[in-house]
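Structure below is start.cif: mmCIF, C-alpha atoms.
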```cif
data_entry
loop_
_atom_site.group_PDB
_atom_site.id
_atom_site.type_symbol
_atom_site.label_atom_id
_atom_site.label_comp_id
_atom_site.auth_asym_id
_atom_site.auth_seq_id
_atom_site.Cartn_x
_atom_site.Cartn_y
_atom_site.Cartn_z
ATOM 1 C CA MET A 1 21.927 61.356 22.488
ATOM 2 C CA GLY A 2 23.716 63.588 24.979
ATOM 3 C CA GLN A 3 26.623 65.956 24.676
ATOM 4 C CA SER A 4 30.121 64.726 24.090
ATOM 5 C CA THR A 5 32.758 64.744 26.819
ATOM 6 C CA GLU A 6 34.615 67.612 25.134
ATOM 7 C CA GLU A 7 31.457 69.732 24.959
ATOM 8 C CA LEU A 8 30.681 69.120 28.617
ATOM 9 C CA SER A 9 34.252 69.890 29.651
ATOM 10 C CA SER A 10 34.130 73.067 27.580
ATOM 11 C CA ASN A 11 30.815 74.085 29.157
ATOM 12 C CA ILE A 12 32.198 73.466 32.637
ATOM 13 C CA ALA A 13 35.304 75.532 31.877
ATOM 14 C CA GLU A 14 33.197 78.396 30.484
ATOM 15 C CA THR A 15 30.908 78.316 33.537
ATOM 16 C CA ARG A 16 33.927 78.347 35.829
ATOM 17 C CA GLU A 17 35.466 81.329 34.003
ATOM 18 C CA ALA A 18 32.198 83.263 34.063
ATOM 19 C CA LEU A 19 31.698 82.545 37.760
ATOM 20 C CA THR A 20 35.286 83.519 38.535
ATOM 21 C CA ALA A 21 34.842 86.816 36.677
ATOM 22 C CA ASP A 22 31.581 87.493 38.544
ATOM 23 C CA VAL A 23 33.110 86.702 41.935
ATOM 24 C CA ASP A 24 36.152 88.893 41.133
ATOM 25 C CA ALA A 25 33.907 91.783 40.070
ATOM 26 C CA LEU A 26 31.781 91.385 43.191
ATOM 27 C CA GLN A 27 34.850 91.223 45.399
ATOM 28 C CA GLU A 28 36.224 94.417 43.815
ATOM 29 C CA ARG A 29 32.864 96.124 44.303
ATOM 30 C CA VAL A 30 32.567 95.279 48.010
ATOM 31 C CA SER A 31 36.258 95.324 48.897
ATOM 32 C CA PRO A 32 36.808 97.670 51.860
ATOM 33 C CA THR A 33 39.866 99.133 50.161
ATOM 34 C CA ALA A 34 37.925 99.810 46.963
ATOM 35 C CA ILE A 35 35.031 101.330 48.909
ATOM 36 C CA ILE A 36 37.377 103.652 50.771
ATOM 37 C CA GLU A 37 39.191 104.632 47.563
ATOM 38 C CA ARG A 38 35.880 105.425 45.819
ATOM 39 C CA ARG A 39 34.757 107.559 48.768
ATOM 40 C CA LYS A 40 38.109 109.365 48.903
ATOM 41 C CA ALA A 41 37.942 110.070 45.158
ATOM 42 C CA ALA A 42 34.391 111.411 45.519
ATOM 43 C CA ALA A 43 35.447 113.669 48.406
ATOM 44 C CA ARG A 44 38.442 114.951 46.439
ATOM 45 C CA SER A 45 36.203 115.662 43.482
ATOM 46 C CA ARG A 46 33.724 117.608 45.620
ATOM 47 C CA LEU A 47 36.517 119.619 47.266
ATOM 48 C CA SER A 48 38.106 120.355 43.913
ATOM 49 C CA SER A 49 34.766 121.500 42.544
ATOM 50 C CA VAL A 50 34.159 123.786 45.519
ATOM 51 C CA ARG A 51 37.687 125.165 45.316
ATOM 52 C CA SER A 52 37.296 125.860 41.587
ATOM 53 C CA ARG A 53 33.987 127.630 42.150
ATOM 54 C CA VAL A 54 35.330 129.765 44.984
ATOM 55 C CA MET A 55 38.906 130.415 43.943
ATOM 56 C CA GLY A 56 38.587 130.036 40.187
ATOM 57 C CA THR A 57 40.765 127.949 37.933
ATOM 58 C CA ALA A 58 44.451 128.526 37.259
ATOM 59 C CA HIS A 59 43.520 130.179 33.957
ATOM 60 C CA ASP A 60 41.139 132.573 35.745
ATOM 61 C CA VAL A 61 43.841 133.459 38.276
ATOM 62 C CA ARG A 62 46.442 134.083 35.537
ATOM 63 C CA THR A 63 44.021 136.245 33.584
ATOM 64 C CA THR A 64 42.975 138.208 36.675
ATOM 65 C CA THR A 65 46.557 138.594 37.879
ATOM 66 C CA ALA A 66 47.776 139.780 34.482
ATOM 67 C CA GLY A 67 44.834 142.125 34.192
ATOM 68 C CA SER A 68 45.337 143.386 37.750
ATOM 69 C CA ALA A 69 49.058 143.952 37.234
ATOM 70 C CA GLY A 70 48.455 145.928 34.048
ATOM 71 C CA SER A 71 45.641 147.815 35.676
ATOM 72 C CA ALA A 72 47.712 148.616 38.744
ATOM 73 C CA ALA A 73 50.305 150.169 36.507
ATOM 74 C CA GLY A 74 47.543 152.156 34.790
ATOM 75 C CA SER A 75 45.316 152.895 37.745
ATOM 76 C CA ALA A 76 44.307 151.355 41.046
ATOM 77 C CA LYS A 77 40.661 151.849 40.189
ATOM 78 C CA ASP A 78 40.858 149.416 37.231
ATOM 79 C CA ALA A 79 42.539 146.769 39.448
ATOM 80 C CA VAL A 80 39.743 147.016 42.011
ATOM 81 C CA GLY A 81 37.200 146.743 39.206
ATOM 82 C CA ALA A 82 38.894 143.622 37.831
ATOM 83 C CA MET A 83 38.879 141.966 41.275
ATOM 84 C CA GLN A 84 35.271 142.995 41.825
ATOM 85 C CA ASP A 85 34.284 141.348 38.528
ATOM 86 C CA LYS A 86 36.185 138.222 39.548
ATOM 87 C CA VAL A 87 34.395 137.772 42.871
ATOM 88 C CA GLU A 88 30.965 138.962 41.822
ATOM 89 C CA GLY A 89 28.345 136.432 42.857
ATOM 90 C CA SER A 90 30.727 134.692 45.236
ATOM 91 C CA PRO A 91 30.572 136.160 48.741
ATOM 92 C CA LEU A 92 33.159 133.735 50.101
ATOM 93 C CA ALA A 93 35.663 134.711 47.423
ATOM 94 C CA ALA A 94 34.918 138.392 48.044
ATOM 95 C CA GLY A 95 35.582 137.863 51.742
ATOM 96 C CA LEU A 96 38.856 136.091 50.996
ATOM 97 C CA VAL A 97 39.965 138.915 48.685
ATOM 98 C CA ALA A 98 39.058 141.512 51.309
ATOM 99 C CA PHE A 99 40.882 139.514 53.984
ATOM 100 C CA GLY A 100 43.965 139.261 51.759
ATOM 101 C CA ALA A 101 43.914 142.975 51.021
ATOM 102 C CA GLY A 102 43.598 143.684 54.745
ATOM 103 C CA MET A 103 46.547 141.395 55.500
ATOM 104 C CA VAL A 104 48.695 143.215 52.921
ATOM 105 C CA LEU A 105 47.787 146.591 54.373
ATOM 106 C CA ALA A 106 48.309 145.363 57.928
ATOM 107 C CA SER A 107 51.766 144.068 57.074
ATOM 108 C CA LEU A 108 52.773 147.541 55.879
ATOM 109 C CA VAL A 109 51.878 149.211 59.187
ATOM 110 C CA PRO A 110 53.886 148.240 62.291
ATOM 111 C CA ALA A 111 51.835 146.734 65.116
ATOM 112 C CA ALA A 112 51.398 148.586 68.395
ATOM 113 C CA ASP A 113 51.584 146.901 71.802
ATOM 114 C CA ALA A 114 47.827 147.242 72.249
ATOM 115 C CA GLU A 115 47.239 145.524 68.924
ATOM 116 C CA ALA A 116 49.598 142.692 69.859
ATOM 117 C CA ARG A 117 47.748 142.142 73.157
ATOM 118 C CA ALA A 118 44.385 142.259 71.363
ATOM 119 C CA ALA A 119 45.635 139.757 68.808
ATOM 120 C CA ALA A 120 46.846 137.417 71.574
ATOM 121 C CA ARG A 121 43.437 137.637 73.291
ATOM 122 C CA ALA A 122 41.716 136.958 69.961
ATOM 123 C CA VAL A 123 43.880 133.877 69.406
ATOM 124 C CA ASP A 124 43.144 132.599 72.923
ATOM 125 C CA THR A 125 39.417 133.173 72.457
ATOM 126 C CA ALA A 126 39.479 131.439 69.096
ATOM 127 C CA LYS A 127 41.237 128.427 70.636
ATOM 128 C CA GLU A 128 38.648 128.242 73.426
ATOM 129 C CA LYS A 129 35.733 128.478 70.993
ATOM 130 C CA ALA A 130 37.282 125.998 68.551
ATOM 131 C CA ALA A 131 37.958 123.285 71.162
ATOM 132 C CA PRO A 132 34.330 121.987 71.252
ATOM 133 C CA LEU A 133 34.184 122.057 67.468
ATOM 134 C CA LEU A 134 37.419 120.099 67.289
ATOM 135 C CA ASP A 135 36.028 117.514 69.712
ATOM 136 C CA GLU A 136 32.854 117.235 67.604
ATOM 137 C CA ALA A 137 34.910 116.764 64.444
ATOM 138 C CA LYS A 138 36.961 114.034 66.121
ATOM 139 C CA ALA A 139 33.795 112.268 67.294
ATOM 140 C CA ALA A 140 32.287 112.503 63.816
ATOM 141 C CA GLY A 141 35.487 111.056 62.359
ATOM 142 C CA ARG A 142 35.365 108.124 64.780
ATOM 143 C CA ASP A 143 31.718 107.507 63.852
ATOM 144 C CA VAL A 144 32.577 107.451 60.156
ATOM 145 C CA VAL A 145 35.431 105.010 60.771
ATOM 146 C CA GLN A 146 33.111 102.713 62.761
ATOM 147 C CA GLN A 147 30.428 102.837 60.067
ATOM 148 C CA VAL A 148 32.920 102.081 57.296
ATOM 149 C CA GLY A 149 34.385 99.232 59.362
ATOM 150 C CA ALA A 150 30.942 97.735 59.961
ATOM 151 C CA SER A 151 29.904 97.968 56.311
ATOM 152 C CA ALA A 152 33.278 96.560 55.241
ATOM 153 C CA GLY A 153 32.806 93.562 57.558
ATOM 154 C CA ASP A 154 29.324 92.976 56.151
ATOM 155 C CA ALA A 155 30.676 93.225 52.619
ATOM 156 C CA VAL A 156 33.453 90.726 53.332
ATOM 157 C CA GLN A 157 30.950 88.245 54.778
ATOM 158 C CA GLU A 158 28.694 88.705 51.745
ATOM 159 C CA VAL A 159 31.602 87.991 49.389
ATOM 160 C CA ARG A 160 32.468 84.870 51.381
ATOM 161 C CA ASP A 161 28.876 83.651 51.236
ATOM 162 C CA THR A 162 28.659 84.330 47.493
ATOM 163 C CA ALA A 163 31.965 82.586 46.831
ATOM 164 C CA THR A 164 30.908 79.572 48.916
ATOM 165 C CA GLY A 165 27.595 79.354 47.068
ATOM 166 C CA GLY A 166 29.361 79.624 43.708
ATOM 167 C CA ALA A 167 31.846 76.926 44.628
ATOM 168 C CA GLU A 168 29.033 74.613 45.728
ATOM 169 C CA ARG A 169 27.176 75.263 42.481
ATOM 170 C CA ILE A 170 30.292 74.467 40.444
ATOM 171 C CA ARG A 171 30.788 71.229 42.404
ATOM 172 C CA SER A 172 27.207 70.144 41.835
ATOM 173 C CA GLU A 173 27.298 71.065 38.137
ATOM 174 C CA SER A 174 30.628 69.312 37.722
ATOM 175 C CA GLY A 175 29.311 66.218 39.508
ATOM 176 C CA SER A 176 26.176 66.091 37.371
ATOM 177 C CA ALA A 177 28.248 66.607 34.235
ATOM 178 C CA VAL A 178 30.603 63.796 35.245
ATOM 179 C CA ASP A 179 27.639 61.513 35.969
ATOM 180 C CA SER A 180 26.159 62.404 32.588
ATOM 181 C CA VAL A 181 29.419 61.648 30.814
ATOM 182 C CA ARG A 182 29.725 58.325 32.654
ATOM 183 C CA SER A 183 26.190 57.307 31.790
ATOM 184 C CA ASP A 184 26.772 58.299 28.157
ATOM 185 C CA ALA A 185 30.035 56.334 28.105
ATOM 186 C CA GLN A 186 28.410 53.276 29.670
ATOM 187 C CA GLY A 187 25.460 53.540 27.323
ATOM 188 C CA ASP A 188 27.730 53.375 24.221
#
```
Just give me the structure as structure tokens.
Amino acid sequence: MGQSTEELSSNIAETREALTADVDALQERVSPTAIIERRKAAARSRLSSVRSRVMGTAHDVRTTTAGSAGSAAGSAKDAVGAMQDKVEGSPLAAGLVAFGAGMVLASLVPAADAEARAAARAVDTAKEKAAPLLDEAKAAGRDVVQQVGASAGDAVQEVRDTATGGAERIRSESGSAVDSVRSDAQGD
């Protein structure tokens, strides 16, 4: 004969739970908030990786600083050697170290009027040259926001369609199970 009413009810409940779990997992996967959070985490990870490669880790900085301080007390040549070892193979880090050393030296020497005027012109020129780049960055940001919004809308519609299909499937399975139970009950 067929399945008992308890078995059918149990099967329906299990199917409902499985479908609910699947719909919840799908909704979490395509949720605009979750998508944005995953992309932000990936961007943070990439930036952290780049920063670690260029600047070194906190341990590297402590070791270099301690070594540089001891070397500076001993001799300036050893300190330069320690910094050179630190930035070897990393031109960006070498540039940053050189820039920092230049800033320290520049802060020790008072600025002349000519230097102040040259610095003001350099700042003005930099602002003029950076304006188009800033506009491009803003436009790129707007494009990214539009793309994320469009994909989020598509994802929401897909979740709705999936949920509607799942609900219809549950209704049809429940109806056929009820009909089966009725026919089994009437047959007894």
### Task
Go through the shown structure with the PyMOL selection byres ((chain A and resi 10-23) around 10) and write out the matching residues as a PyMOL selection string.
chain A and resi 4-9+24-29+159-160+162-163+166-167+169-170+173-174+177
Which residues are near Ser151 in chain A? Cut-off 12 Å, only C-alpha atoms, ignore same chain within fewer than 4 positions. Put them as a PDB file with C-alpha atoms, in the coordinates of the input.
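For reference, result.pdb as written:
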```pdb
ATOM      1  CA  VAL A  30      32.567  95.279  48.010  1.00  0.00           C
ATOM      2  CA  SER A  31      36.258  95.324  48.897  1.00  0.00           C
ATOM      3  CA  PRO A  32      36.808  97.670  51.860  1.00  0.00           C
ATOM      4  CA  THR A  33      39.866  99.133  50.161  1.00  0.00           C
ATOM      5  CA  ILE A  35      35.031 101.330  48.909  1.00  0.00           C
ATOM      6  CA  ILE A  36      37.377 103.652  50.771  1.00  0.00           C
ATOM      7  CA  VAL A 144      32.577 107.451  60.156  1.00  0.00           C
ATOM      8  CA  VAL A 145      35.431 105.010  60.771  1.00  0.00           C
ATOM      9  CA  GLN A 146      33.111 102.713  62.761  1.00  0.00           C
ATOM     10  CA  GLN A 147      30.428 102.837  60.067  1.00  0.00           C
ATOM     11  CA  ALA A 155      30.676  93.225  52.619  1.00  0.00           C
ATOM     12  CA  VAL A 156      33.453  90.726  53.332  1.00  0.00           C
ATOM     13  CA  GLN A 157      30.950  88.245  54.778  1.00  0.00           C
ATOM     14  CA  GLU A 158      28.694  88.705  51.745  1.00  0.00           C
TER      15      GLU A 158
END
```
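Take CA of Arg171 in chain A and CA of Gly153 in chain A: the distance between them is 27.1 Å.
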### Summary
Computed gap from CA of Lys129 in chain A to CA of Val109 in chain A is 28.8 Å
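Interatomic distance, CA of Ala114 in chain A to CA of Ala130 in chain A: 24.0 Å.
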